[in-house]
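Undergrad: Pasting in a structure now, in structure tokens, and then I'll have a few things to ask.
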Amino acid sequence: MQKTVGLGMLGLSTDQEAVYRSLLTDSGEGVERLAARLGITESQVRDALDHLVDLELLRPSRDVPGMLRAVGPETGFQTIIRRQEAELLRRQEELLRSKETVARTVAAYAADRPASLEDAERLIGLDAIQSRLESLARDLTDECCSIEPGGAQSRAGLDAARPLDERALARGVTLRTIYQDSARNDPATFAYARWHTEHGGQIRTCPETPPRMVVFDRRVAVVPIDPANTRLGALCTASPGIVAPLLALFEQTWNLAVPLGADHRAGTPESDGLSPVELSLLRLLASGLTDEAAAKRLGLSLRTVRRHMAALMERLDATSRFEAGLKAAHHGWL
């Protein structure tokens, strides 16, 4: 049976409306006759009658004890509307009280935290760091600059960053991120970087990066307390004396980095076709770093570094690292 437009908003199902309309025209029908005429079960009729009584659309008959009479739509529907208005008012009052409670809680929380970010705030634990990043990302209005060293990024870190980046990009915020070249070799990190650029973000990579940093609106920076041991936590600061040098370092690295969609393998004329990774590896090893230390700096595995070094020694026709260094310097690669 077709339901009258709008009655569903009053809490009436199709069966309940059909029973109500029938009783409006013939209040003397019993359950069995109603079920047969409407094509529904007696149980459905009884359920409908109970609900209509709850809505005060049916009331006990004064003429026939034990029977129910239908209340006219003008009176019955107005009763339902007044009840819904009262419920809406109650929920609005609850919402207002909830807002007041949240406001008091936020105010109390803010009072317990440093009143200013001029001095560095120490963030201990991943939860504290994530909470601060979420807060700063929510207030972003212009630009966020970040450096993500180490090549492959953790799945948890990428999952936590995606909603923050998505909301910022949707607001028109400029997001610039620098990864290491080795991030291109990790499927999850590279897929995230591609998603980022497809949604308007800017990604560049380079063989070596400075330590991890995030700078929000060129005003607030979050950096690790100890880049060599990120478990010690992070520092959040708005001190211009710290933020400005970090931005200068970011811009310098950004200008040397290669956009994600560009060919990062092409060498420069003076490098005789060496890739940026190979050039950086030569310089790091020439400075005295071990294979292990060079791998960590470049965000590569030890096996990859040794494979690159073996290829370089073969290309230079060198039998030792020392000889390779001399020949690389002779070629002007160092």
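Labels used: A, B, ... for chains in the order of the structure tokens, numbers from 1 for residues in each chain, and numbers from 1 for ligands as shown.
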Mind checking which residues fall within 9 Å of range 294-297 of chain A, counting only C-alpha atoms, ignoring those fewer than 5 positions away in the same chain, and posting them as a PyMOL selection string?

TA: chain A and resi 149-150+207-209+280-281+284-285+289+302-306

Undergrad: Please identify all polymer residues within 12 Å of Ala160 in chain A, counting only C-alpha atoms, omitting same-chain residues fewer than 5 positions from it, and present them as a PyMOL selection string.

TA: chain A and resi 126-127+129-131+133-134+137+153-155+165-166+192

Undergrad: Have a look at A:Ala161, A:Ala168, A:Ile80, A:Leu34 and name the one nearest to Asp54 in chain A; count only C-alpha atoms.

TA: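 Residue with the minimum atom-to-atom distance to Asp54 in chain A: A:Ile80.
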
Undergrad: For Arg37 in chain A, which residue among A:Ala183, A:Val277, A:Leu58, A:Ala18 is the nearest when counting only C-alpha atoms?

TA: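 Result for the nearest residue to Arg37 in chain A: A:Ala18.
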
Undergrad: Determine which residues of range 95-251 of chain A DSSP labels as alpha helix (DSSP H) from the backbone of this structure, then write them out as JSON, numbers by chain.

TA: {"A": [95, 96, 97, 98, 99, 100, 101, 102, 103, 104, 105, 106, 107, 108, 109, 110, 111, 112, 126, 127, 128, 129, 130, 131, 132, 133, 134, 135, 136, 137, 138, 155, 156, 157, 158, 159, 160, 161, 162, 163, 164, 165, 166, 167, 168, 169, 170, 187, 188, 189, 190, 191, 192, 193, 194, 195, 196, 197, 198, 240, 241, 242, 243, 244, 245, 246, 247, 248, 249, 250, 251]}
